[in-house]
>>> print(open('query03.cif').read())   # mmCIF, C-alpha atoms
data_protein
#
loop_
_atom_site.label_atom_id
_atom_site.label_comp_id
_atom_site.auth_asym_id
_atom_site.auth_seq_id
_atom_site.Cartn_x
_atom_site.Cartn_y
_atom_site.Cartn_z
CA MET A 1 35.00 5.16 -29.04
CA GLY A 2 32.00 6.09 -31.22
CA ASN A 3 29.84 3.26 -29.85
CA ASN A 4 30.94 3.95 -26.31
CA THR A 5 30.00 7.58 -26.62
CA MET A 6 26.68 6.61 -28.17
CA ASP A 7 26.08 4.15 -25.33
CA ASN A 8 27.05 6.82 -22.87
CA ILE A 9 24.59 9.32 -24.33
CA GLU A 10 21.86 6.69 -24.29
CA ARG A 11 22.60 5.84 -20.67
CA LYS A 12 22.61 9.48 -19.58
CA LEU A 13 19.39 10.25 -21.42
CA ARG A 14 17.67 7.34 -19.72
CA ALA A 15 19.16 8.13 -16.31
CA THR A 16 17.96 11.73 -16.52
CA LEU A 17 14.64 11.32 -18.28
CA TYR A 18 13.27 8.01 -17.01
CA ARG A 19 9.83 8.79 -15.55
CA ALA A 20 11.02 12.33 -14.79
CA PHE A 21 7.66 13.81 -15.80
CA CYS A 22 5.48 11.29 -13.96
CA PRO A 23 3.34 12.61 -11.10
CA ASP A 24 4.46 11.27 -7.76
CA SER A 25 2.49 8.31 -6.52
CA THR A 26 0.53 10.34 -3.96
CA GLU A 27 -0.61 12.79 -6.61
CA LEU A 28 -1.65 9.89 -8.83
CA GLY A 29 -3.67 8.60 -5.88
CA GLU A 30 -5.25 12.02 -5.34
CA TYR A 31 -6.18 11.99 -9.03
CA HIS A 32 -7.95 8.68 -8.46
CA LEU A 33 -9.75 10.07 -5.39
CA GLY A 34 -10.86 13.18 -7.30
CA LEU A 35 -8.94 15.57 -5.04
CA LEU A 36 -7.00 17.51 -7.69
CA SER A 37 -7.90 20.82 -9.31
CA THR A 38 -9.53 20.73 -12.73
CA ASP A 39 -6.38 22.02 -14.43
CA ARG A 40 -4.06 19.54 -12.77
CA ARG A 41 -6.53 16.76 -13.46
CA ARG A 42 -6.46 17.66 -17.15
CA GLU A 43 -2.64 17.63 -17.15
CA LEU A 44 -2.54 14.21 -15.54
CA ARG A 45 -5.08 12.86 -18.01
CA ALA A 46 -2.81 14.01 -20.85
CA HIS A 47 0.19 12.42 -19.14
CA LEU A 48 -1.65 9.14 -18.66
CA ALA A 49 -2.39 9.03 -22.37
CA GLU A 50 1.30 8.58 -23.13
CA CYS A 51 2.68 6.92 -20.00
CA PRO A 52 2.13 3.17 -19.78
CA HIS A 53 3.76 3.06 -16.32
CA CYS A 54 1.34 5.52 -14.72
CA THR A 55 -1.57 3.87 -16.53
CA ASN A 56 -0.57 0.51 -15.04
CA GLU A 57 -0.04 2.03 -11.59
CA LEU A 58 -3.47 3.66 -11.71
CA GLU A 59 -5.05 0.36 -12.66
CA ALA A 60 -3.21 -1.39 -9.80
CA LEU A 61 -4.34 1.35 -7.41
CA ARG A 62 -7.98 0.83 -8.44
CA SER A 63 -7.63 -2.88 -7.91
CA PHE A 64 -6.00 -2.42 -4.48
CA MET A 65 -8.62 0.11 -3.34
CA ASP A 66 -11.35 -2.31 -4.41
CA SER A 67 -9.71 -5.14 -2.50
CA VAL A 68 -9.58 -3.17 0.78
CA SER A 69 -12.83 -1.24 0.38
CA ALA A 70 -14.69 -3.79 2.53
CA ASP A 71 -12.72 -2.51 5.54
CA LEU A 72 -14.53 0.81 5.13
CA ALA A 73 -17.93 -0.60 4.19
CA PRO A 74 -20.88 1.22 5.67
CA ASN A 75 -22.79 -0.29 8.54
CA PRO A 76 -25.93 -2.28 7.83
CA GLN A 77 -29.00 -0.09 7.40
CA LYS A 78 -30.70 1.02 10.60
CA GLY A 79 -33.39 -1.45 11.50
CA GLN A 80 -31.55 -4.26 9.77
CA GLU A 81 -30.38 -6.34 12.69
CA SER A 82 -26.94 -7.45 11.70
CA GLU A 83 -26.73 -9.72 14.72
CA THR A 84 -29.57 -11.84 13.38
CA LEU A 85 -28.00 -12.11 9.90
CA LEU A 86 -24.58 -12.96 11.17
CA LYS A 87 -23.85 -16.57 11.96
CA ARG A 88 -21.65 -16.59 15.04
CA LEU A 89 -19.68 -19.68 15.97
CA VAL A 90 -17.32 -20.43 18.81
CA ALA A 91 -14.54 -22.75 17.75
CA ARG A 92 -13.84 -25.67 20.08
CA LEU A 93 -10.44 -27.23 20.46
CA LEU A 94 -10.29 -30.83 19.31
CA PRO A 95 -8.81 -33.28 21.84
CA SER A 96 -6.40 -34.56 19.20
CA SER A 97 -4.47 -31.30 19.55
CA PHE A 98 -3.25 -32.49 22.92
CA PRO A 99 -3.18 -36.29 22.71
CA GLY A 100 -2.95 -38.07 26.00
CA THR A 101 -3.57 -35.12 28.26
CA GLY A 102 -6.46 -34.46 30.53
CA TRP A 103 -5.99 -30.73 30.10
CA SER A 104 -9.14 -28.70 29.79
CA PRO A 105 -9.00 -25.89 27.26
CA ALA A 106 -12.40 -24.60 28.33
CA LEU A 107 -11.03 -23.67 31.72
CA ALA A 108 -7.45 -22.80 31.00
CA GLY A 109 -7.60 -21.18 27.55
CA VAL A 110 -5.85 -22.59 24.50
CA ARG A 111 -2.10 -22.45 24.88
CA GLY A 112 -0.08 -22.36 21.67
CA GLU A 113 3.59 -23.21 22.11
CA VAL A 114 6.04 -22.77 19.26
CA GLY A 115 5.69 -25.79 16.99
CA SER A 116 2.25 -26.73 18.26
CA MET A 117 -0.56 -27.52 15.87
CA LEU A 118 -4.04 -26.77 17.20
CA SER A 119 -7.25 -28.06 15.59
CA PHE A 120 -10.65 -26.50 16.17
CA ASN A 121 -14.17 -27.36 15.10
CA ALA A 122 -17.05 -24.96 14.63
CA GLU A 123 -20.18 -26.49 13.06
CA GLY A 124 -18.59 -28.01 10.01
CA TYR A 125 -15.71 -25.60 9.84
CA HIS A 126 -12.33 -27.04 10.64
CA LEU A 127 -9.59 -24.64 11.63
CA VAL A 128 -5.96 -25.64 12.08
CA ILE A 129 -3.53 -23.22 13.63
CA ASP A 130 0.20 -23.68 13.53
CA ILE A 131 2.31 -21.52 15.86
CA GLN A 132 5.85 -20.92 14.62
CA GLN A 133 8.78 -18.78 15.65
CA ASP A 134 8.69 -15.71 13.43
CA ALA A 135 11.31 -15.84 10.69
CA ASP A 136 12.32 -12.16 11.11
CA ARG A 137 11.87 -11.71 14.85
CA PRO A 138 12.88 -14.71 17.00
CA ASP A 139 11.12 -13.16 20.02
CA ARG A 140 7.83 -13.07 18.09
CA ARG A 141 5.55 -15.77 16.72
CA SER A 142 3.83 -16.40 13.41
CA ILE A 143 0.32 -17.81 13.40
CA MET A 144 -0.36 -19.84 10.28
CA GLY A 145 -3.98 -20.85 9.81
CA LEU A 146 -6.02 -23.05 7.50
CA LEU A 147 -9.81 -23.00 7.46
CA THR A 148 -11.58 -25.82 5.64
CA GLY A 149 -14.80 -27.75 5.45
CA ALA A 150 -17.45 -25.14 4.85
CA GLU A 151 -19.32 -23.82 1.85
CA PRO A 152 -17.70 -20.82 0.25
CA THR A 153 -18.90 -17.47 1.57
CA SER A 154 -19.70 -14.49 -0.63
CA ALA A 155 -17.11 -12.16 0.90
CA PRO A 156 -13.52 -12.86 1.90
CA LEU A 157 -12.92 -13.70 5.52
CA ILE A 158 -10.57 -11.58 7.58
CA ALA A 159 -8.62 -13.13 10.46
CA ARG A 160 -8.30 -10.62 13.30
CA LEU A 161 -6.23 -11.06 16.40
CA TYR A 162 -7.38 -9.09 19.44
CA GLN A 163 -5.58 -8.38 22.67
CA ALA A 164 -7.66 -6.94 25.53
CA SER A 165 -10.39 -5.99 23.02
CA SER A 166 -7.96 -4.02 20.83
CA LEU A 167 -7.13 -5.13 17.33
CA ALA A 168 -3.52 -6.35 17.38
CA ALA A 169 -3.15 -7.64 13.83
CA GLN A 170 -5.20 -8.89 10.93
CA SER A 171 -4.81 -10.79 7.71
CA GLN A 172 -7.06 -11.81 4.84
CA VAL A 173 -7.99 -15.47 4.52
CA ASP A 174 -7.21 -16.49 0.95
CA GLU A 175 -9.54 -18.46 -1.32
CA LEU A 176 -7.96 -21.74 -0.17
CA GLY A 177 -8.55 -20.89 3.47
CA ASN A 178 -4.98 -19.97 4.39
CA PHE A 179 -3.97 -16.99 6.47
CA ALA A 180 -0.84 -15.88 8.28
CA ILE A 181 -0.30 -13.34 11.02
CA HIS A 182 3.32 -12.49 11.69
CA ARG A 183 5.33 -10.87 14.46
CA VAL A 184 2.89 -11.69 17.20
CA ALA A 185 4.27 -10.97 20.68
CA PRO A 186 3.64 -13.72 23.26
CA GLY A 187 0.50 -12.99 25.21
CA GLU A 188 -3.19 -13.67 25.56
CA TYR A 189 -5.39 -13.08 22.53
CA SER A 190 -8.69 -13.88 20.94
CA LEU A 191 -8.85 -14.76 17.25
CA ARG A 192 -11.82 -14.05 15.03
CA LEU A 193 -12.38 -15.04 11.41
CA SER A 194 -15.26 -13.05 10.01
CA ASN A 195 -17.04 -11.47 7.10
CA ILE A 196 -20.57 -10.11 6.80
CA GLU A 197 -22.06 -13.63 6.93
CA ILE A 198 -20.13 -15.47 9.55
CA GLU A 199 -17.94 -15.04 12.57
CA ILE A 200 -15.80 -17.81 14.01
CA ASP A 201 -14.23 -17.07 17.37
CA ILE A 202 -11.45 -18.61 19.35
CA GLU A 203 -12.16 -16.81 22.56
CA GLN A 204 -8.87 -17.31 24.32
CA LEU A 205 -5.59 -18.11 22.65
CA ILE A 206 -2.42 -17.87 24.68
CA ILE A 207 0.65 -17.50 22.51
CA ALA A 208 3.63 -18.77 24.50
CA MET J 1 -22.56 2.15 21.74
CA PRO J 2 -23.43 5.39 19.90
CA LEU J 3 -23.89 8.41 22.13
CA ASP J 4 -25.61 11.71 21.54
CA GLY J 5 -22.92 13.86 23.17
CA ASP J 6 -20.71 16.14 21.09
CA PRO J 7 -17.35 14.38 20.60
CA ARG J 8 -15.63 17.78 20.57
CA MET J 9 -16.44 18.15 24.25
CA LEU J 10 -14.71 14.92 25.27
CA GLU J 11 -11.23 14.47 26.68
CA LEU J 12 -8.80 12.67 24.38
CA GLU J 13 -8.59 9.65 26.69
CA GLU J 14 -12.35 9.25 26.53
CA LEU J 15 -12.30 9.69 22.77
CA ARG J 16 -9.54 7.13 22.47
CA SER J 17 -11.58 4.58 24.37
CA LEU J 18 -14.80 5.31 22.43
CA CYS J 19 -12.95 5.22 19.11
CA ALA J 20 -11.51 1.78 19.98
CA ALA J 21 -14.91 0.49 21.09
CA GLU J 22 -16.73 1.81 18.02
CA THR J 23 -14.04 0.42 15.71
CA GLU J 24 -14.51 -2.94 17.37
CA ARG J 25 -18.28 -2.69 16.78
CA PHE J 26 -17.61 -1.74 13.16
CA PHE J 27 -15.51 -4.84 12.60
CA ARG J 28 -18.26 -6.92 14.18
CA HIS J 29 -20.67 -5.42 11.60
CA GLN J 30 -22.75 -3.84 14.31
CA ASP J 31 -24.06 -0.31 14.24
CA SER J 32 -21.19 1.95 15.15
CA ASP J 33 -20.56 5.66 15.52
CA ALA J 34 -17.61 6.98 13.51
CA ARG J 35 -17.75 10.47 15.03
CA TYR J 36 -15.29 9.66 17.83
CA CYS J 37 -12.55 8.41 15.54
CA TYR J 38 -13.21 11.30 13.16
CA GLU J 39 -12.83 13.74 16.05
CA VAL J 40 -9.45 12.17 16.92
CA PHE J 41 -8.35 12.81 13.32
CA ARG J 42 -9.69 16.38 13.50
CA ARG J 43 -7.70 17.11 16.64
CA ALA J 44 -4.55 15.61 15.15
CA ILE J 45 -4.82 17.43 11.83
CA VAL J 46 -6.61 20.70 12.54
CA ALA J 47 -5.56 21.25 16.15
CA HIS J 48 -2.07 19.73 15.65
CA ASP J 49 -2.50 17.60 18.77
CA GLN J 50 0.46 15.21 18.95
CA SER J 51 -1.30 12.92 21.43
CA ALA J 52 -4.17 12.55 18.98
CA TRP J 53 -1.67 11.49 16.32
CA GLU J 54 -0.29 8.87 18.67
CA CYS J 55 -3.84 7.68 19.29
CA ILE J 56 -4.42 7.37 15.51
CA TYR J 57 -1.20 5.44 15.10
CA THR J 58 -2.10 3.02 17.90
CA GLN J 59 -5.65 2.56 16.67
CA TYR J 60 -4.91 2.08 12.98
CA GLN J 61 -1.42 0.60 12.78
CA ALA J 62 -2.67 -3.00 12.62
CA LEU J 63 -5.17 -2.08 9.92
CA VAL J 64 -2.49 -0.31 7.87
CA LEU J 65 -0.18 -3.32 8.23
CA SER J 66 -2.97 -5.58 6.99
CA TRP J 67 -3.41 -3.35 3.93
CA ILE J 68 0.32 -3.56 3.28
CA HIS J 69 0.24 -7.36 3.52
CA ARG J 70 -2.74 -7.48 1.14
CA HIS J 71 -1.06 -5.29 -1.48
CA GLY J 72 0.32 -7.11 -4.50
CA LEU J 73 3.69 -5.34 -4.25
CA SER J 74 4.33 -6.38 -0.64
CA THR J 75 5.56 -9.80 -1.72
CA VAL J 76 8.17 -8.43 -4.12
CA LEU J 77 9.56 -5.61 -1.99
CA SER J 78 12.04 -6.12 0.82
CA GLU J 79 11.13 -3.07 2.93
CA GLU J 80 9.93 -3.76 6.48
CA PRO J 81 6.12 -3.52 6.77
CA GLY J 82 6.55 -1.37 9.88
CA TYR J 83 8.74 1.07 7.95
CA LEU J 84 6.19 1.24 5.12
CA ALA J 85 3.34 1.80 7.60
CA ASN J 86 5.22 4.75 9.14
CA ARG J 87 5.74 6.26 5.69
CA ALA J 88 2.02 5.86 4.95
CA PHE J 89 1.09 7.73 8.14
CA GLU J 90 3.59 10.47 7.21
CA ARG J 91 1.91 10.88 3.83
CA LEU J 92 -1.43 11.19 5.51
CA TRP J 93 0.07 13.87 7.74
CA VAL J 94 1.36 15.81 4.71
CA GLY J 95 -1.60 15.16 2.40
CA VAL J 96 -4.46 15.92 4.79
CA SER J 97 -3.29 19.23 6.22
CA SER J 98 -5.54 21.49 8.26
CA ASN J 99 -6.46 23.66 5.27
CA LYS J 100 -7.50 20.57 3.30
CA PHE J 101 -9.42 18.90 6.11
CA ALA J 102 -12.73 20.17 4.71
CA ASN J 103 -12.19 17.81 1.76
CA PHE J 104 -12.57 14.91 4.20
CA PRO J 105 -16.08 15.12 5.62
CA ASP J 106 -16.11 11.76 7.39
CA LEU J 107 -13.95 8.97 8.74
CA LYS J 108 -14.38 6.85 5.63
CA SER J 109 -12.92 9.56 3.38
CA ILE J 110 -9.84 9.88 5.62
CA LEU J 111 -9.30 6.14 5.78
CA ARG J 112 -9.67 5.91 2.00
CA TYR J 113 -6.90 8.51 1.77
CA LEU J 114 -4.81 6.40 4.17
CA GLN J 115 -5.37 3.34 1.96
CA MET J 116 -4.21 5.42 -1.00
CA CYS J 117 -1.09 6.43 1.00
CA VAL J 118 -0.31 2.75 1.64
CA ASN J 119 -0.46 2.15 -2.09
CA ALA J 120 1.72 5.22 -2.74
CA VAL J 121 4.58 4.17 -0.45
CA LEU J 122 4.63 0.69 -1.97
CA VAL J 123 4.55 2.10 -5.51
CA ASP J 124 7.39 4.50 -4.68
CA ALA J 125 9.49 1.66 -3.31
CA ALA J 126 8.83 -0.28 -6.52
CA ARG J 127 9.64 2.78 -8.66
CA SER J 128 12.96 3.28 -6.84
CA ARG J 129 13.86 -0.33 -7.35
CA THR J 130 13.10 -0.22 -11.09
CA ARG J 131 14.93 3.05 -11.50
CA ALA J 132 17.99 1.76 -9.64
CA SER J 133 18.15 -1.25 -11.94
CA LEU J 134 17.94 1.00 -15.03
CA VAL J 135 20.41 3.67 -13.97
CA GLU J 136 22.55 1.91 -11.43
CA ASP J 137 25.80 3.81 -12.02
CA GLU J 138 24.27 7.26 -11.72
CA ALA J 139 22.28 6.29 -8.65
CA LEU J 140 25.43 5.02 -6.95
CA GLU J 141 27.38 8.17 -7.80
CA ARG J 142 24.72 10.42 -6.38
CA SER J 143 24.21 8.38 -3.25
CA ALA J 144 27.86 8.42 -2.23
CA SER J 145 27.74 11.28 0.26
CA HIS J 146 24.11 11.50 1.35
CA SER J 147 21.79 9.73 3.72
CA SER J 148 18.80 8.01 2.11
CA GLU J 149 16.27 10.61 3.28
CA GLN J 150 18.41 13.52 2.08
CA ARG J 151 19.08 11.72 -1.16
CA SER J 152 15.42 11.12 -1.79
CA MET J 153 14.45 14.79 -1.29
CA GLU J 154 17.42 16.29 -3.11
CA ASP J 155 17.36 13.75 -5.92
CA SER J 156 13.74 14.42 -6.61
CA VAL J 157 14.15 18.19 -7.01
CA LEU J 158 17.48 18.01 -8.84
CA ARG J 159 16.33 15.29 -11.18
CA LYS J 160 13.19 17.16 -12.14
CA THR J 161 15.15 20.33 -12.95
CA GLN J 162 17.79 18.48 -14.94
CA ALA J 163 15.17 16.53 -16.82
CA GLU J 164 13.25 19.67 -17.80
CA GLN J 165 16.43 21.39 -19.03
CA LEU J 166 17.53 18.34 -20.97
CA TRP J 167 14.08 17.79 -22.44
CA SER J 168 14.00 21.38 -23.63
CA LEU J 169 17.33 20.90 -25.42
CA LEU J 170 16.20 17.64 -26.97
CA GLU J 171 12.84 18.92 -28.19
CA GLU J 172 14.62 21.71 -30.08
CA ARG J 173 16.69 19.06 -31.83
CA CYS J 174 13.87 16.70 -32.80
CA LYS J 175 13.25 16.68 -36.55
CA ASP J 176 9.81 15.12 -36.44
CA TYR J 177 7.16 13.31 -34.42
CA LYS J 178 8.86 9.95 -34.84
CA GLU J 179 11.99 11.19 -33.15
CA ARG J 180 9.95 12.67 -30.32
CA CYS J 181 8.22 9.31 -29.89
CA ILE J 182 11.65 7.64 -29.72
CA LEU J 183 12.72 10.04 -26.98
CA VAL J 184 9.52 9.57 -25.00
CA GLY J 185 9.26 5.82 -25.55
CA MET J 186 12.86 4.76 -25.14
CA PHE J 187 14.25 7.25 -22.63
CA VAL J 188 11.32 8.62 -20.65
CA ASN J 189 9.36 5.35 -20.56
CA ALA J 190 12.33 2.95 -21.03
CA LEU J 191 10.48 0.82 -23.56
CA LYS J 192 12.21 -1.75 -25.72
CA ALA J 193 12.02 -1.25 -29.48
CA ARG J 194 9.32 -3.90 -29.81
CA GLN J 195 7.24 -2.34 -27.03
CA LEU J 196 7.64 1.11 -28.57
CA TYR J 197 6.56 -0.21 -31.98
CA ALA J 198 3.40 -1.59 -30.34
CA GLU J 199 2.83 1.60 -28.30
CA TYR J 200 2.58 3.72 -31.47
CA PRO J 201 0.68 1.50 -33.92
CA GLY J 202 1.06 2.55 -37.55
CA LEU J 203 3.78 5.13 -36.87
CA PHE J 204 6.75 2.95 -37.80
CA GLN J 205 6.82 0.57 -40.76
CA ASP J 206 8.54 -2.12 -38.73
CA ILE J 207 10.85 -2.58 -35.75
CA GLN J 208 13.87 -2.02 -37.96
CA GLU J 209 12.65 1.49 -38.59
CA VAL J 210 12.44 2.10 -34.82
CA TYR J 211 16.11 1.16 -34.54
CA ARG J 212 17.04 3.26 -37.59
CA VAL J 213 15.34 6.43 -36.35
CA LYS J 214 16.90 5.97 -32.93
CA GLU J 215 20.42 5.46 -34.36
CA ASN J 216 20.13 8.55 -36.57
CA LEU J 217 18.84 10.65 -33.69
CA LEU J 218 21.60 9.54 -31.30
CA ALA J 219 24.28 10.07 -33.97
CA ARG J 220 23.07 13.62 -34.48
CA LEU J 221 22.92 14.28 -30.75
CA GLN J 222 26.43 12.90 -30.40
CA ARG J 223 27.75 15.53 -32.83
CA ASP J 224 25.96 18.36 -31.05
CA GLN J 225 28.53 20.37 -29.06
CA GLU J 226 26.06 22.20 -26.82
CA LEU J 227 24.24 19.00 -25.89
CA ALA J 228 27.51 17.14 -25.36
CA ALA J 229 28.67 19.86 -22.98
CA TYR J 230 25.39 19.70 -21.06
CA LEU J 231 25.51 15.91 -20.79
CA GLU J 232 29.10 16.13 -19.62
CA ARG J 233 27.99 18.25 -16.67
CA LEU J 234 25.30 15.77 -15.54
#
>>> encode(input="query03.cif", output="structure tokens")
Amino acid sequence: MGNNTMDNIERKLRATLYRAFCPDSTELGEYHLGLLSTDRRRELRAHLAECPHCTNELEALRSFMDSVSADLAPNPQKGQESETLLKRLVARLLPSSFPGTGWSPALAGVRGEVGSMLSFNAEGYHLVIDIQQDADRPDRRSIMGLLTGAEPTSAPLIARLYQASSLAAQSQVDELGNFAIHRVAPGEYSLRLSNIEIEIDIEQLIIA
Amino acid sequence: MPLDGDPRMLELEELRSLCAAETERFFRHQDSDARYCYEVFRRAIVAHDQSAWECIYTQYQALVLSWIHRHGLSTVLSEEPGYLANRAFERLWVGVSSNKFANFPDLKSILRYLQMCVNAVLVDAARSRTRASLVEDEALERSASHSSEQRSMEDSVLRKTQAEQLWSLLEERCKDYKERCILVGMFVNALKARQLYAEYPGLFQDIQEVYRVKENLLARLQRDQELAAYLERL
């Protein structure tokens, strides 16, 4: 009885008090962005001094904002011709992707059926794309990619899928060259892997 | 291609098209003009133009989804990315109201806020999950007759009020700083005894003392009629 009551008190204290005085996550974000009043900022600083959870969340927020800051990076300085700095490559489909066919990707576009594995070359870069049925949405496709064969670049590559010039989806290429774009509706796309140094294009990719 | 015309004079359809084109140029690392996209945000937020909001959603949904996929928490949470993206746009809607728009002088500052909102919805989902695992019984009791949205709003207000009342009662009953640290460490922050001992270096002689102070405090609280009555009502 005594232990049960003690356990009960402990449980109720935790249920009621656990993180009850933490700022909500948006306010913590506004603290990071410097959008709070001086008084509220001071209160949050005091809270952070004794809350390991908020301290960890703030650290994770900083890390996340750093990781996506490149998406908001300013344009190159006026007069600095980005086109001349950027190495632009058009990926060519390797014949081995369609053994035994006389099909011409240059004329017809690259058609990716579910289960097909497409290999591309672009000046030393080798890109393999695997089209799969999406695990969550059977009517959609997942594009799994692997980029190999080139020297490491200074900034992470982003794989962007465009449909009729509009960005349809994007995904970061990891340090091993892997990327995945999920829930892609069948249709005609272009795929671009790029960072500030390089751009590799597959100009027409038809997802069947 | 940057233009000299005032974006405020353009029709939304024209803005939509220019915003898409300039965004495309931005991603190609070419000179681009952010004024058109910024004007779409201004119309949505300051002029409360619903079509402008739809334009923002269409233009930035893929980017928001990519931020969600690149967030460390996205691999451990089960929420649909599309659901999380909608919540992030809602937070932008609430956080960047017309009277606060002056705090966002350019497109970059708004998109930074949107990135922060993406983080916030993922963190909240993670917080809910941790809390549910700590206080499962109470969470189930409270959820019995409410939808999830209602529960979230009502829970938040009710929980804050209850916590403040309870904390006030507990602070009156704390004998010393060590007991206060036990309350903060073990019940507010849900630390284990070993973690609490490390969190307050030099305060406790050893971990056994952490347990001893906690036991004494809980025993005293257990005998307290007023507190017992309050806890009974929770």
>>> residues_around(input="query03.cif", residues="stretch 49-59 of chain A", least_positions_apart="5", cutoff="9 Å", atoms="only C-alpha atoms", output="MDAnalysis selection string")
(chainID A and resid 19 22:23 25 28:29 32 44 64) or (chainID J and resid 123 184:185 188:189 199)
>>> residues_near_point(input="query03.cif", point="(8.2, -6.3, 5.0)", cutoff="12 Å", atoms="only C-alpha atoms", output="PyMOL selection string")
(chain A and resi 135-137+182-183) or (chain J and resi 65-66+68-71+73-85+122+125)
>>> interface_residues(input="query03.cif", of="chain J", to="chain A", cutoff="6 Å", atoms="only C-alpha atoms", output="list in words")
Asp31, Ala62, Ser66, Met116, Ala120, Val135, Lys160, Ala163, Phe187, Val188 and Asn189 of chain J
>>> atom_distance(input="query03.cif", atom1="atom CA of A:His126", atom2="atom CA of A:Gly187")
24.0 Å
>>> atom_distance(input="query03.cif", atom1="atom CA of J:Leu166", atom2="atom CA of J:Arg194")
25.3 Å
>>> resolve_selection(input="query03.cif", expression="the PyMOL selection byres ((chain J and resi 111) around 12)", output="PyMOL selection string")
(chain A and resi 33+65+68-73) or (chain J and resi 34+37-38+41+56+60-61+63-64+67+88-89+92+96+104-110+112-118)
>>> write_last_selection(input="query03.cif", atoms="C-alpha atoms", output="compact mmCIF listing (two decimals), keeping the file's coordinate frame")
# COMPACT_ATOMS: atom_id res chain seq x y z
CA LEU A 33 -9.75 10.07 -5.39
CA MET A 65 -8.62 0.11 -3.34
CA VAL A 68 -9.58 -3.17 0.78
CA SER A 69 -12.83 -1.24 0.38
CA ALA A 70 -14.69 -3.79 2.53
CA ASP A 71 -12.72 -2.51 5.54
CA LEU A 72 -14.53 0.81 5.13
CA ALA A 73 -17.93 -0.60 4.19
CA ALA J 34 -17.61 6.98 13.51
CA CYS J 37 -12.55 8.41 15.54
CA TYR J 38 -13.21 11.30 13.16
CA PHE J 41 -8.35 12.81 13.32
CA ILE J 56 -4.42 7.37 15.51
CA TYR J 60 -4.91 2.08 12.98
CA GLN J 61 -1.42 0.60 12.78
CA LEU J 63 -5.17 -2.08 9.92
CA VAL J 64 -2.49 -0.31 7.87
CA TRP J 67 -3.41 -3.35 3.93
CA ALA J 88 2.02 5.86 4.95
CA PHE J 89 1.09 7.73 8.14
CA LEU J 92 -1.43 11.19 5.51
CA VAL J 96 -4.46 15.92 4.79
CA PHE J 104 -12.57 14.91 4.20
CA PRO J 105 -16.08 15.12 5.62
CA ASP J 106 -16.11 11.76 7.39
CA LEU J 107 -13.95 8.97 8.74
CA LYS J 108 -14.38 6.85 5.63
CA SER J 109 -12.92 9.56 3.38
CA ILE J 110 -9.84 9.88 5.62
CA ARG J 112 -9.67 5.91 2.00
CA TYR J 113 -6.90 8.51 1.77
CA LEU J 114 -4.81 6.40 4.17
CA GLN J 115 -5.37 3.34 1.96
CA MET J 116 -4.21 5.42 -1.00
CA CYS J 117 -1.09 6.43 1.00
CA VAL J 118 -0.31 2.75 1.64
>>> atom_distance(input="query03.cif", atom1="atom CA of A:Gly149", atom2="atom CA of A:Tyr125")
5.0 Å
>>> resolve_selection(input="query03.cif", expression="the PyMOL selection byres ((chain J and resi 215-228) around 8)", output="number ranges by chain")
A: 5-6, 9-10; J: 169, 173-174, 179, 211-214, 229-232
>>> write_last_selection(input="query03.cif", atoms="C-alpha atoms", output="compact mmCIF listing (two decimals), keeping the file's coordinate frame")
# COMPACT_ATOMS: atom_id res chain seq x y z
CA THR A 5 30.00 7.58 -26.62
CA MET A 6 26.68 6.61 -28.17
CA ILE A 9 24.59 9.32 -24.33
CA GLU A 10 21.86 6.69 -24.29
CA LEU J 169 17.33 20.90 -25.42
CA ARG J 173 16.69 19.06 -31.83
CA CYS J 174 13.87 16.70 -32.80
CA GLU J 179 11.99 11.19 -33.15
CA TYR J 211 16.11 1.16 -34.54
CA ARG J 212 17.04 3.26 -37.59
CA VAL J 213 15.34 6.43 -36.35
CA LYS J 214 16.90 5.97 -32.93
CA ALA J 229 28.67 19.86 -22.98
CA TYR J 230 25.39 19.70 -21.06
CA LEU J 231 25.51 15.91 -20.79
CA GLU J 232 29.10 16.13 -19.62
>>> resolve_selection(input="query03.cif", expression="the PyMOL selection byres ((chain A and resi 201) around 9)", output="ChimeraX atom specification")
/A:88-91,122,190-194,199-200,202-204
>>> axis_aligned_box(input="query03.cif", around="stretch 166-178 of chain J", padding_each_side="3 Å", output="lines of an AutoDock Vina configuration file")
center_x = 12.3
center_y = 15.8
center_z = -28.8
size_x = 16.4
size_y = 17.8
size_z = 21.6
